[in-house]
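K.L.:
What follows is a structure written as structure tokens; I'll ask about it next.
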Amino acid sequence: MLVNVKDDFYLMHCKDDPVRPHIPLSKRIEENKEVYALTDDFSGNINAMICVAYTNDVPTTEYDLDNKGDNVAVFYTVWSYAKGCGRLIVNDVAKHIKNSKPNVKRYVTLSPQTEMAEKFHLSNGATKLQTNPDTVNFEYFVD
């Protein structure tokens, strides 16, 4: 089950973020940002988490995540506690956003420049959009 995180039970898991652990909780749930958790329907265990920012342009730095907008959904960190759930949460959140936020036209990442991030996004159907000085953007096309 996909949960739009609003309470401390889920938010405390942001400490496990392997990509951007330095971003405080308060910044993750600002006006243009959301955190989602993918939970197991039976046990209630959290299987994966993702943080999303909404902007009007493709960001190239973390600072750009503060540029509020509603045209671009930016997946700026994702982590998984169970195999295959990282892919699942990216796809589920993208579909959820498409159905609930009609202004969003693009789905991109703000990823670290690592082989792991590239392999993850390319194997999940994204295309490499651009390489920035410290980050990489991948783009997902949502049906």
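By order in the structure tokens, chains are A, B, ...; within a chain, residues start at 1; ligands start at 1, following the order shown.
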Quick one: residues within 10 Å of Asn132 of chain A, only C-alpha atoms, excluding same-chain residues fewer than 3 positions away - as a list in words?
P.N.:
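The residues that qualify are Pro59, Thr60, Thr61, Leu110, Ser111, Pro112, Gln113, Leu129, Thr135, Val136 and Asn137 of chain A.
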K.L.:
I want to know what sits within 8 Å of Glu139 of chain A, based on only C-alpha atoms, with residues of the same chain fewer than 3 positions away left out; could you give that as a list in words?
P.N.:
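Residues meeting the cut-off are Arg106, Tyr107, Val108, Thr109, Ala126, Thr127, Lys128 and Leu129 of chain A.
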K.L.:
Counting only C-alpha atoms, which of A:Asn47, A:Ser26, A:Asn32, A:Thr55 gets nearest to Val104 of chain A?
P.N.:
A:Thr55
K.L.:
Would you mind writing down, as a compact mmCIF listing (two decimals) with C-alpha atoms, in the first residue's frame, each residue of chain A that DSSP on the backbone assigns to strand (DSSP E)?
P.N.:
# COMPACT_ATOMS: atom_id res chain seq x y z
CA LEU A 2 1.26 3.47 -0.90
CA VAL A 3 1.13 5.99 1.96
CA ASN A 4 1.61 9.74 1.66
CA LYS A 33 7.52 18.37 -1.05
CA GLU A 34 6.12 14.98 -0.06
CA VAL A 35 7.39 11.71 1.37
CA TYR A 36 5.82 8.39 0.44
CA ALA A 37 6.17 4.95 1.99
CA LEU A 38 5.37 1.61 0.41
CA THR A 39 4.05 -0.73 3.07
CA ILE A 46 7.73 -0.36 5.38
CA ASN A 47 9.29 -1.78 2.21
CA ALA A 48 10.53 1.43 0.56
CA MET A 49 10.45 5.20 0.83
CA ILE A 50 10.77 8.06 -1.62
CA CYS A 51 10.98 11.85 -1.33
CA VAL A 52 9.45 14.06 -4.02
CA ALA A 53 9.72 17.78 -4.71
CA TYR A 54 7.56 19.74 -7.14
CA THR A 55 9.25 22.39 -9.26
CA VAL A 72 7.90 18.68 -12.59
CA ALA A 73 7.86 15.88 -10.01
CA VAL A 74 11.42 15.35 -8.80
CA PHE A 75 12.32 12.06 -7.14
CA TYR A 76 15.33 13.20 -5.15
CA THR A 77 15.90 10.18 -2.95
CA VAL A 78 14.61 6.63 -2.80
CA TRP A 79 15.56 3.68 -0.63
CA SER A 80 14.30 0.19 -0.12
CA ARG A 106 7.51 15.53 -16.19
CA TYR A 107 8.94 12.96 -13.80
CA VAL A 108 12.66 13.33 -13.19
CA THR A 109 15.28 12.42 -10.63
CA SER A 111 20.40 11.46 -8.54
CA PRO A 112 23.96 11.09 -7.32
CA THR A 127 16.36 7.63 -19.70
CA LYS A 128 19.40 9.70 -18.81
CA LEU A 129 18.42 13.32 -19.31
CA GLN A 130 21.60 15.18 -18.34
CA THR A 131 24.73 15.07 -16.24
CA THR A 135 24.19 15.17 -9.96
CA VAL A 136 22.47 13.32 -12.79
CA ASN A 137 18.89 13.68 -13.98
CA PHE A 138 16.97 10.68 -15.27
CA GLU A 139 13.50 11.03 -16.74
CA TYR A 140 10.59 8.65 -16.42
K.L.:
Would you give me, as an NGL selection string, the residues in chain A that DSSP reads as alpha helix (DSSP H)?
P.N.:
:A and (8-11 or 25-28 or 85-100 or 115-123)
K.L.:
Please indicate the distance in Å from atom CA of Asn56 of chain A to atom CA of Ser100 of chain A, rounded to one decimal place.
P.N.:
17.1 Å
K.L.:
Could you work out how far atom CA of Arg28 of chain A lies from atom CA of Met116 of chain A, giving the answer in Å with one decimal?
P.N.:
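Separation of atom CA of Met116 of chain A and atom CA of Arg28 of chain A: 23.1 Å.
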K.L.:
Of the residues A:Asp134, A:Glu31, A:Arg20, A:Ile97, which is the one nearest to Thr114 of chain A, using only C-alpha atoms?
P.N.:
A:Asp134
K.L.:
Point out the residue among A:Val142, A:Glu30, A:Pro21, A:His13 with the least atom-to-atom distance to Asn99 of chain A, counting only C-alpha atoms.
P.N.:
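Checking each of A:Val142, A:Glu30, A:Pro21, A:His13 against Asn99 of chain A, counting only C-alpha atoms, the winner is A:Val142.
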K.L.:
What separation in Å, quoted to one decimal, exists between atom CA of Asp143 of chain A and atom CA of Ala117 of chain A?
P.N.:
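Value for the atom CA of Asp143 of chain A-atom CA of Ala117 of chain A distance: 22.6 Å.
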